[in-house]
>>> print(open('run.txt').read())   # compact mmCIF, N, CA and C atoms
# COMPACT_ATOMS: atom_id res chain seq x y z
N MET Y 13 95.49 87.04 63.01
CA MET Y 13 95.15 87.70 64.26
C MET Y 13 95.82 89.06 64.30
N PRO Y 14 95.07 90.12 64.57
CA PRO Y 14 95.66 91.44 64.67
C PRO Y 14 96.53 91.54 65.92
N GLY Y 15 97.44 92.54 65.92
CA GLY Y 15 98.31 92.76 67.08
C GLY Y 15 97.49 93.07 68.31
N PRO Y 16 98.03 92.77 69.51
CA PRO Y 16 97.25 92.88 70.74
C PRO Y 16 96.70 94.27 71.05
N GLY Y 17 97.39 95.34 70.68
CA GLY Y 17 96.90 96.68 70.98
C GLY Y 17 96.13 97.31 69.83
N ALA Y 18 96.03 96.61 68.74
CA ALA Y 18 95.38 97.14 67.55
C ALA Y 18 93.87 97.29 67.79
N PRO Y 19 93.25 98.29 67.18
CA PRO Y 19 91.80 98.47 67.35
C PRO Y 19 90.98 97.22 67.01
N ALA Y 20 91.36 96.52 65.95
CA ALA Y 20 90.62 95.30 65.59
C ALA Y 20 90.74 94.25 66.69
N ALA Y 21 91.91 94.14 67.28
CA ALA Y 21 92.11 93.17 68.37
C ALA Y 21 91.31 93.57 69.60
N ARG Y 22 91.25 94.86 69.90
CA ARG Y 22 90.47 95.33 71.05
C ARG Y 22 88.99 95.04 70.86
N LEU Y 23 88.49 95.26 69.62
CA LEU Y 23 87.09 94.97 69.34
C LEU Y 23 86.81 93.48 69.49
N ALA Y 24 87.69 92.66 68.92
CA ALA Y 24 87.51 91.21 69.02
C ALA Y 24 87.51 90.76 70.48
N GLU Y 25 88.40 91.34 71.29
CA GLU Y 25 88.48 90.99 72.70
C GLU Y 25 87.22 91.44 73.45
N GLN Y 26 86.80 92.66 73.21
CA GLN Y 26 85.62 93.18 73.92
C GLN Y 26 84.37 92.36 73.64
N LEU Y 27 84.22 91.95 72.39
CA LEU Y 27 83.01 91.21 72.00
C LEU Y 27 83.19 89.70 72.02
N GLY Y 28 84.42 89.23 72.22
CA GLY Y 28 84.67 87.80 72.20
C GLY Y 28 84.53 87.20 70.81
N LEU Y 29 84.93 87.96 69.79
CA LEU Y 29 84.80 87.51 68.40
C LEU Y 29 85.99 86.65 67.99
N GLU Y 30 85.72 85.62 67.22
CA GLU Y 30 86.77 84.85 66.58
C GLU Y 30 87.26 85.62 65.36
N ASP Y 31 88.44 85.29 64.87
CA ASP Y 31 89.00 85.99 63.71
C ASP Y 31 88.06 85.94 62.51
N SER Y 32 87.47 84.77 62.26
CA SER Y 32 86.58 84.64 61.09
C SER Y 32 85.34 85.52 61.27
N GLU Y 33 84.84 85.62 62.48
CA GLU Y 33 83.68 86.48 62.74
C GLU Y 33 84.05 87.95 62.55
N LEU Y 34 85.21 88.33 63.05
CA LEU Y 34 85.67 89.71 62.88
C LEU Y 34 85.81 90.06 61.40
N CYS Y 35 86.34 89.13 60.62
CA CYS Y 35 86.46 89.37 59.18
C CYS Y 35 85.09 89.58 58.54
N ARG Y 36 84.10 88.79 58.93
CA ARG Y 36 82.75 88.97 58.38
C ARG Y 36 82.14 90.30 58.79
N VAL Y 37 82.32 90.67 60.05
CA VAL Y 37 81.76 91.92 60.55
C VAL Y 37 82.35 93.10 59.78
N LEU Y 38 83.66 93.05 59.54
CA LEU Y 38 84.34 94.16 58.87
C LEU Y 38 84.36 94.02 57.35
N ASP Y 39 83.85 92.91 56.86
CA ASP Y 39 83.82 92.63 55.42
C ASP Y 39 85.22 92.71 54.81
N ILE Y 40 86.14 91.99 55.46
CA ILE Y 40 87.53 91.94 55.00
C ILE Y 40 87.98 90.49 54.93
N ASP Y 41 89.15 90.26 54.32
CA ASP Y 41 89.70 88.92 54.32
C ASP Y 41 90.74 88.79 55.43
N ALA Y 42 91.20 87.58 55.64
CA ALA Y 42 92.15 87.31 56.73
C ALA Y 42 93.46 88.06 56.54
N LEU Y 43 93.89 88.23 55.30
CA LEU Y 43 95.13 88.95 55.03
C LEU Y 43 95.04 90.40 55.51
N ALA Y 44 93.91 91.04 55.28
CA ALA Y 44 93.71 92.42 55.75
C ALA Y 44 93.73 92.47 57.27
N LEU Y 45 93.21 91.44 57.90
CA LEU Y 45 93.20 91.39 59.35
C LEU Y 45 94.62 91.23 59.89
N ILE Y 46 95.37 90.32 59.30
CA ILE Y 46 96.75 90.06 59.74
C ILE Y 46 97.66 91.26 59.48
N SER Y 47 97.47 91.91 58.35
CA SER Y 47 98.35 93.02 57.96
C SER Y 47 98.07 94.31 58.74
N GLY Y 48 96.94 94.36 59.42
CA GLY Y 48 96.59 95.56 60.17
C GLY Y 48 95.73 96.52 59.37
N ALA Y 49 95.45 96.21 58.12
CA ALA Y 49 94.61 97.08 57.29
C ALA Y 49 93.20 97.19 57.87
N ALA Y 50 92.78 96.21 58.61
CA ALA Y 50 91.43 96.23 59.20
C ALA Y 50 91.28 97.36 60.21
N ASP Y 51 92.40 97.80 60.79
CA ASP Y 51 92.33 98.84 61.81
C ASP Y 51 91.85 100.17 61.24
N GLU Y 52 91.87 100.30 59.94
CA GLU Y 52 91.42 101.53 59.29
C GLU Y 52 89.92 101.53 58.99
N ALA Y 53 89.27 100.39 59.20
CA ALA Y 53 87.83 100.29 58.90
C ALA Y 53 87.06 101.23 59.82
N PRO Y 54 86.17 102.04 59.26
CA PRO Y 54 85.42 102.99 60.09
C PRO Y 54 84.50 102.32 61.12
N GLU Y 55 84.08 101.10 60.83
CA GLU Y 55 83.19 100.38 61.74
C GLU Y 55 83.86 100.13 63.09
N ILE Y 56 85.18 99.94 63.07
CA ILE Y 56 85.88 99.58 64.31
C ILE Y 56 85.75 100.68 65.36
N SER Y 57 86.07 101.91 64.98
CA SER Y 57 86.03 102.98 65.98
C SER Y 57 84.60 103.21 66.49
N ILE Y 58 83.63 103.06 65.62
CA ILE Y 58 82.23 103.24 66.04
C ILE Y 58 81.81 102.12 66.98
N LEU Y 59 82.12 100.88 66.61
CA LEU Y 59 81.75 99.75 67.46
C LEU Y 59 82.48 99.79 68.80
N LEU Y 60 83.75 100.18 68.79
CA LEU Y 60 84.50 100.30 70.04
C LEU Y 60 83.86 101.34 70.96
N ALA Y 61 83.49 102.48 70.39
CA ALA Y 61 82.86 103.54 71.19
C ALA Y 61 81.53 103.06 71.77
N LEU Y 62 80.73 102.37 70.97
CA LEU Y 62 79.45 101.85 71.46
C LEU Y 62 79.66 100.84 72.58
N CYS Y 63 80.64 99.96 72.41
CA CYS Y 63 80.91 98.94 73.42
C CYS Y 63 81.43 99.57 74.71
N GLU Y 64 82.23 100.60 74.59
CA GLU Y 64 82.73 101.28 75.79
C GLU Y 64 81.59 101.91 76.58
N GLN Y 65 80.62 102.48 75.89
CA GLN Y 65 79.46 103.05 76.58
C GLN Y 65 78.70 101.98 77.35
N VAL Y 66 78.56 100.82 76.72
CA VAL Y 66 77.82 99.73 77.35
C VAL Y 66 78.58 99.17 78.54
N THR Y 67 79.90 99.04 78.43
CA THR Y 67 80.66 98.44 79.53
C THR Y 67 80.77 99.37 80.74
N GLU Y 68 80.29 100.59 80.61
CA GLU Y 68 80.17 101.45 81.80
C GLU Y 68 79.00 100.98 82.67
N ALA Y 69 78.02 100.33 82.05
CA ALA Y 69 76.83 99.88 82.78
C ALA Y 69 76.79 98.36 82.96
N VAL Y 70 77.46 97.62 82.09
CA VAL Y 70 77.39 96.16 82.08
C VAL Y 70 78.82 95.61 82.05
N ALA Y 71 79.09 94.57 82.80
CA ALA Y 71 80.42 93.97 82.83
C ALA Y 71 80.80 93.43 81.44
N SER Y 72 82.09 93.48 81.16
CA SER Y 72 82.59 93.00 79.86
C SER Y 72 82.22 91.56 79.59
N VAL Y 73 82.28 90.73 80.62
CA VAL Y 73 81.94 89.32 80.44
C VAL Y 73 80.46 89.17 80.06
N ALA Y 74 79.61 90.03 80.62
CA ALA Y 74 78.18 89.99 80.28
C ALA Y 74 77.97 90.41 78.83
N LEU Y 75 78.75 91.38 78.37
CA LEU Y 75 78.65 91.82 76.97
C LEU Y 75 78.98 90.66 76.03
N ARG Y 76 80.04 89.92 76.35
CA ARG Y 76 80.43 88.79 75.50
C ARG Y 76 79.38 87.68 75.52
N ARG Y 77 78.78 87.41 76.67
CA ARG Y 77 77.72 86.39 76.76
C ARG Y 77 76.46 86.84 76.04
N TRP Y 78 76.12 88.11 76.22
CA TRP Y 78 74.93 88.67 75.59
C TRP Y 78 75.01 88.56 74.07
N LEU Y 79 76.20 88.77 73.52
CA LEU Y 79 76.38 88.76 72.07
C LEU Y 79 75.91 87.45 71.46
N ARG Y 80 76.09 86.35 72.18
CA ARG Y 80 75.75 85.03 71.65
C ARG Y 80 74.46 84.46 72.23
N ALA Y 81 73.76 85.26 73.02
CA ALA Y 81 72.51 84.80 73.65
C ALA Y 81 71.34 84.92 72.69
N GLY Y 82 70.42 83.99 72.82
CA GLY Y 82 69.21 84.04 72.01
C GLY Y 82 69.20 82.97 70.94
N PRO Y 83 68.08 82.86 70.26
CA PRO Y 83 67.96 81.84 69.22
C PRO Y 83 68.83 82.17 68.00
N LEU Y 84 69.37 81.14 67.40
CA LEU Y 84 70.19 81.30 66.20
C LEU Y 84 69.43 82.10 65.15
N GLY Y 85 70.10 83.08 64.60
CA GLY Y 85 69.47 83.96 63.62
C GLY Y 85 68.93 85.24 64.21
N ARG Y 86 68.77 85.27 65.54
CA ARG Y 86 68.23 86.47 66.19
C ARG Y 86 69.12 86.96 67.33
N ARG Y 87 70.33 86.44 67.38
CA ARG Y 87 71.28 86.87 68.41
C ARG Y 87 71.89 88.21 67.99
N PRO Y 88 72.39 88.98 68.95
CA PRO Y 88 73.11 90.21 68.59
C PRO Y 88 74.29 89.93 67.65
N LEU Y 89 74.94 88.77 67.82
CA LEU Y 89 76.04 88.40 66.93
C LEU Y 89 75.56 88.31 65.48
N ASP Y 90 74.35 87.79 65.29
CA ASP Y 90 73.80 87.66 63.94
C ASP Y 90 73.59 89.03 63.29
N LEU Y 91 73.24 90.03 64.10
CA LEU Y 91 73.11 91.39 63.58
C LEU Y 91 74.46 91.89 63.09
N LEU Y 92 75.50 91.64 63.88
CA LEU Y 92 76.84 92.05 63.48
C LEU Y 92 77.30 91.33 62.23
N LEU Y 93 77.14 90.01 62.22
CA LEU Y 93 77.59 89.23 61.07
C LEU Y 93 76.83 89.63 59.80
N GLY Y 94 75.59 90.05 59.95
CA GLY Y 94 74.80 90.53 58.82
C GLY Y 94 75.06 91.99 58.50
N ARG Y 95 75.96 92.60 59.26
CA ARG Y 95 76.36 94.00 59.08
C ARG Y 95 75.17 94.95 59.21
N ASP Y 96 74.23 94.58 60.08
CA ASP Y 96 73.09 95.44 60.39
C ASP Y 96 73.47 96.27 61.62
N PHE Y 97 74.32 97.26 61.42
CA PHE Y 97 74.90 98.01 62.51
C PHE Y 97 73.87 98.88 63.24
N GLY Y 98 72.86 99.35 62.54
CA GLY Y 98 71.81 100.13 63.18
C GLY Y 98 71.04 99.29 64.19
N ALA Y 99 70.66 98.08 63.79
CA ALA Y 99 69.94 97.19 64.71
C ALA Y 99 70.85 96.76 65.85
N PHE Y 100 72.14 96.56 65.57
CA PHE Y 100 73.08 96.20 66.63
C PHE Y 100 73.21 97.34 67.64
N GLU Y 101 73.27 98.55 67.15
CA GLU Y 101 73.35 99.72 68.04
C GLU Y 101 72.10 99.80 68.93
N ASP Y 102 70.93 99.55 68.34
CA ASP Y 102 69.69 99.54 69.13
C ASP Y 102 69.73 98.45 70.20
N ALA Y 103 70.23 97.27 69.83
CA ALA Y 103 70.32 96.17 70.78
C ALA Y 103 71.30 96.51 71.91
N LEU Y 104 72.41 97.16 71.56
CA LEU Y 104 73.37 97.58 72.58
C LEU Y 104 72.73 98.60 73.54
N GLU Y 105 71.93 99.49 73.01
CA GLU Y 105 71.26 100.48 73.84
C GLU Y 105 70.29 99.79 74.80
N ASP Y 106 69.58 98.78 74.32
CA ASP Y 106 68.69 98.00 75.20
C ASP Y 106 69.51 97.34 76.31
N LEU Y 107 70.65 96.76 75.94
CA LEU Y 107 71.51 96.13 76.93
C LEU Y 107 71.99 97.15 77.96
N ARG Y 108 72.40 98.31 77.50
CA ARG Y 108 72.91 99.34 78.39
C ARG Y 108 71.82 99.81 79.36
N SER Y 109 70.62 100.02 78.84
CA SER Y 109 69.56 100.57 79.68
C SER Y 109 68.88 99.52 80.57
N ARG Y 110 68.75 98.29 80.10
CA ARG Y 110 68.02 97.27 80.86
C ARG Y 110 68.92 96.24 81.52
N GLY Y 111 70.14 96.09 81.02
CA GLY Y 111 71.01 95.04 81.52
C GLY Y 111 70.79 93.76 80.74
N PHE Y 112 71.55 92.75 81.10
CA PHE Y 112 71.47 91.45 80.43
C PHE Y 112 70.33 90.68 81.06
N VAL Y 113 69.20 90.58 80.36
CA VAL Y 113 67.99 89.96 80.88
C VAL Y 113 67.92 88.52 80.37
N LEU Y 114 67.87 87.59 81.32
CA LEU Y 114 67.69 86.18 80.97
C LEU Y 114 66.22 85.86 81.06
N ARG Y 115 65.70 85.20 80.07
CA ARG Y 115 64.29 84.85 80.06
C ARG Y 115 64.13 83.37 80.39
N ALA Y 116 63.05 83.05 81.11
CA ALA Y 116 62.75 81.66 81.44
C ALA Y 116 62.16 80.98 80.22
N GLY Y 117 62.22 79.68 80.24
CA GLY Y 117 61.60 78.90 79.17
C GLY Y 117 62.53 77.83 78.69
N GLY Y 118 62.12 77.16 77.66
CA GLY Y 118 62.96 76.13 77.08
C GLY Y 118 62.76 74.75 77.68
N GLY Y 119 61.84 74.63 78.66
CA GLY Y 119 61.53 73.31 79.19
C GLY Y 119 62.66 72.68 79.98
N ARG Y 120 63.54 73.47 80.59
CA ARG Y 120 64.66 72.89 81.31
C ARG Y 120 64.44 72.91 82.81
N GLY Y 121 63.26 73.28 83.28
CA GLY Y 121 63.00 73.32 84.71
C GLY Y 121 62.77 71.93 85.25
N GLY Y 122 62.71 71.83 86.57
CA GLY Y 122 62.48 70.53 87.17
C GLY Y 122 61.20 70.55 87.98
N GLY Y 123 60.59 69.42 88.10
CA GLY Y 123 59.43 69.27 88.97
C GLY Y 123 58.17 69.89 88.39
N LYS Y 124 57.14 69.81 89.19
CA LYS Y 124 55.86 70.40 88.83
C LYS Y 124 55.91 71.90 89.05
N PRO Y 125 55.05 72.67 88.40
CA PRO Y 125 55.04 74.11 88.64
C PRO Y 125 54.88 74.42 90.12
N GLY Y 126 55.74 75.26 90.63
CA GLY Y 126 55.70 75.64 92.03
C GLY Y 126 56.33 74.62 92.95
N GLY Y 127 56.82 73.50 92.43
CA GLY Y 127 57.34 72.44 93.27
C GLY Y 127 58.82 72.52 93.53
N GLY Y 128 59.62 72.72 92.52
CA GLY Y 128 61.05 72.83 92.69
C GLY Y 128 61.76 71.52 92.90
N GLY Y 129 61.13 70.39 92.64
CA GLY Y 129 61.78 69.10 92.83
C GLY Y 129 62.27 68.52 91.52
N LYS Y 130 62.46 67.21 91.53
CA LYS Y 130 62.87 66.52 90.33
C LYS Y 130 61.68 66.43 89.37
N PRO Y 131 61.93 66.31 88.06
CA PRO Y 131 60.81 66.23 87.13
C PRO Y 131 59.84 65.12 87.52
N GLY Y 132 58.57 65.49 87.64
CA GLY Y 132 57.54 64.50 87.96
C GLY Y 132 57.59 64.00 89.38
N GLY Y 133 58.36 64.65 90.24
CA GLY Y 133 58.57 64.15 91.59
C GLY Y 133 57.54 64.62 92.59
N GLY Y 134 56.41 65.11 92.17
CA GLY Y 134 55.36 65.47 93.10
C GLY Y 134 55.60 66.81 93.77
N GLY Y 135 56.62 67.54 93.34
CA GLY Y 135 56.83 68.87 93.83
C GLY Y 135 57.62 68.97 95.12
N LYS Y 136 58.02 67.84 95.72
CA LYS Y 136 58.83 67.92 96.93
C LYS Y 136 60.26 68.30 96.53
N PRO Y 137 60.91 69.13 97.32
CA PRO Y 137 62.27 69.55 96.98
C PRO Y 137 63.23 68.39 96.80
N ASP Y 138 63.04 67.31 97.53
CA ASP Y 138 63.96 66.17 97.39
C ASP Y 138 63.52 65.22 96.28
N GLY Y 139 62.41 65.54 95.62
CA GLY Y 139 61.93 64.71 94.52
C GLY Y 139 61.14 63.51 94.98
N GLY Y 140 60.84 63.42 96.28
CA GLY Y 140 60.12 62.26 96.79
C GLY Y 140 58.70 62.21 96.27
N GLY Y 141 58.06 61.08 96.48
CA GLY Y 141 56.68 60.90 96.02
C GLY Y 141 56.66 60.25 94.66
N GLU Y 142 55.51 59.85 94.25
CA GLU Y 142 55.34 59.22 92.96
C GLU Y 142 55.17 60.27 91.88
N PRO Y 143 55.58 59.97 90.66
CA PRO Y 143 55.37 60.93 89.58
C PRO Y 143 53.89 61.31 89.48
N GLY Y 144 53.65 62.60 89.47
CA GLY Y 144 52.27 63.10 89.36
C GLY Y 144 51.54 63.17 90.69
N ASP Y 145 52.14 62.67 91.77
CA ASP Y 145 51.53 62.70 93.08
C ASP Y 145 51.66 64.10 93.67
N GLN Y 146 50.55 64.78 93.82
CA GLN Y 146 50.59 66.15 94.34
C GLN Y 146 50.00 66.22 95.74
N ASN Y 147 49.64 65.10 96.31
CA ASN Y 147 49.03 65.11 97.62
C ASN Y 147 50.02 64.91 98.74
N SER Y 148 51.26 64.66 98.47
CA SER Y 148 52.25 64.38 99.51
C SER Y 148 52.76 65.64 100.13
>>> encode(input="run.txt", output="structure tokens")
Amino acid sequence: MPGPGAPAARLAEQLGLEDSELCRVLDIDALALISGAADEAPEISILLALCEQVTEAVASVALRRWLRAGPLGRRPLDLLLGRDFGAFEDALEDLRSRGFVLRAGGGRGGGKPGGGGKPGGGGKPDGGGEPGDQNS
């Protein structure tokens, strides 16, 4: 773990990165991270500057949640871990300009469309009625 005021530590804190993730992003080993050699990596100052621009428009906690949002393999974190810094910068710009957008889906809703009740509860808010009953 880098020292608390070190650039690598600030980047890890801003993005909510684990040490192993930070090592992958910077393409270094744990010894370089512990010794402070990682602080010399040019990616750190660039990523810190990009993150600071975004946190002027979006809360830090939202930045950390956004990093891990989305399907595995297509999350902003995956861009970083794959060292695709150009695509990560574009994703950060989208976040800065549009905010953290949550999309509906995934089949986790309850009730019938427009009903707001329990799954299959006929659409009443309290879930009353028989499953599939839309006449109540």
>>> closest_atom_pairs(input="run.txt", of="range 32-89 of chain Y", to="range 18-28 of chain Y", cutoff="7 Å", atoms="only C-alpha atoms", output="Markdown table")
| residue | atom | partner | partner_atom | distance |
| --- | --- | --- | --- | --- |
| Y:Leu34 | CA | Y:Ala24 | CA | 6.6 |
| Y:Ala50 | CA | Y:Ala20 | CA | 6.5 |
| Y:Asp51 | CA | Y:Ala20 | CA | 5.5 |
| Y:Ile56 | CA | Y:Ala20 | CA | 6.5 |
| Y:Leu60 | CA | Y:Leu23 | CA | 6.0 |
| Y:Ser72 | CA | Y:Gln26 | CA | 6.7 |
| Y:Leu75 | CA | Y:Leu27 | CA | 6.6 |
| Y:Arg76 | CA | Y:Leu27 | CA | 5.0 |
>>> residues_around(input="run.txt", residues="range 78-91 of chain Y", least_positions_apart="5", cutoff="7 Å", atoms="only N, CA and C atoms", output="PDB file with N, CA and C atoms, keeping the file's coordinate frame")
ATOM      1  N   LEU Y  27      84.220  91.950  72.390  1.00  0.00           N
ATOM      2  CA  LEU Y  27      83.010  91.210  72.000  1.00  0.00           C
ATOM      3  C   LEU Y  27      83.190  89.700  72.020  1.00  0.00           C
ATOM      4  N   VAL Y  73      82.280  90.730  80.620  1.00  0.00           N
ATOM      5  CA  VAL Y  73      81.940  89.320  80.440  1.00  0.00           C
ATOM      6  C   VAL Y  73      80.460  89.170  80.060  1.00  0.00           C
ATOM      7  N   ASP Y  96      74.230  94.580  60.080  1.00  0.00           N
ATOM      8  CA  ASP Y  96      73.090  95.440  60.390  1.00  0.00           C
ATOM      9  C   ASP Y  96      73.470  96.270  61.620  1.00  0.00           C
ATOM     10  N   PHE Y  97      74.320  97.260  61.420  1.00  0.00           N
ATOM     11  CA  PHE Y  97      74.900  98.010  62.510  1.00  0.00           C
ATOM     12  C   PHE Y  97      73.870  98.880  63.240  1.00  0.00           C
ATOM     13  N   ALA Y  99      70.660  98.080  63.790  1.00  0.00           N
ATOM     14  CA  ALA Y  99      69.940  97.190  64.710  1.00  0.00           C
ATOM     15  C   ALA Y  99      70.850  96.760  65.850  1.00  0.00           C
ATOM     16  N   PHE Y 100      72.140  96.560  65.570  1.00  0.00           N
ATOM     17  CA  PHE Y 100      73.080  96.200  66.630  1.00  0.00           C
ATOM     18  C   PHE Y 100      73.210  97.340  67.640  1.00  0.00           C
ATOM     19  N   ALA Y 103      70.230  97.270  69.830  1.00  0.00           N
ATOM     20  CA  ALA Y 103      70.320  96.170  70.780  1.00  0.00           C
ATOM     21  C   ALA Y 103      71.300  96.510  71.910  1.00  0.00           C
ATOM     22  N   PHE Y 112      71.550  92.750  81.100  1.00  0.00           N
ATOM     23  CA  PHE Y 112      71.470  91.450  80.430  1.00  0.00           C
ATOM     24  C   PHE Y 112      70.330  90.680  81.060  1.00  0.00           C
TER      25      PHE Y 112
END
>>> atom_distance(input="run.txt", atom1="CA of Ala53 in chain Y", atom2="CA of Leu38 in chain Y")
7.1 Å
>>> closest_residue(input="run.txt", among="Y:Leu104, Y:Ile46, Y:Arg36, Y:Arg110", to="Gln65 in chain Y", atoms="all atoms listed in the file")
Y:Leu104
>>> atom_distance(input="run.txt", atom1="atom N of Leu43 in chain Y", atom2="atom C of Arg77 in chain Y")
27.1 Å
>>> closest_residue(input="run.txt", among="Y:Leu59, Y:Ser47, Y:Glu30, Y:Val70", to="Arg95 in chain Y", atoms="only C-alpha atoms")
Y:Leu59
>>> atom_distance(input="run.txt", atom1="CA of Ser57 in chain Y", atom2="atom C of Ser109 in chain Y")
22.8 Å
>>> closest_residue(input="run.txt", among="Y:Asp102, Y:Ala42, Y:Val37, Y:Thr67", to="Glu55 in chain Y", atoms="all atoms listed in the file")
Y:Val37
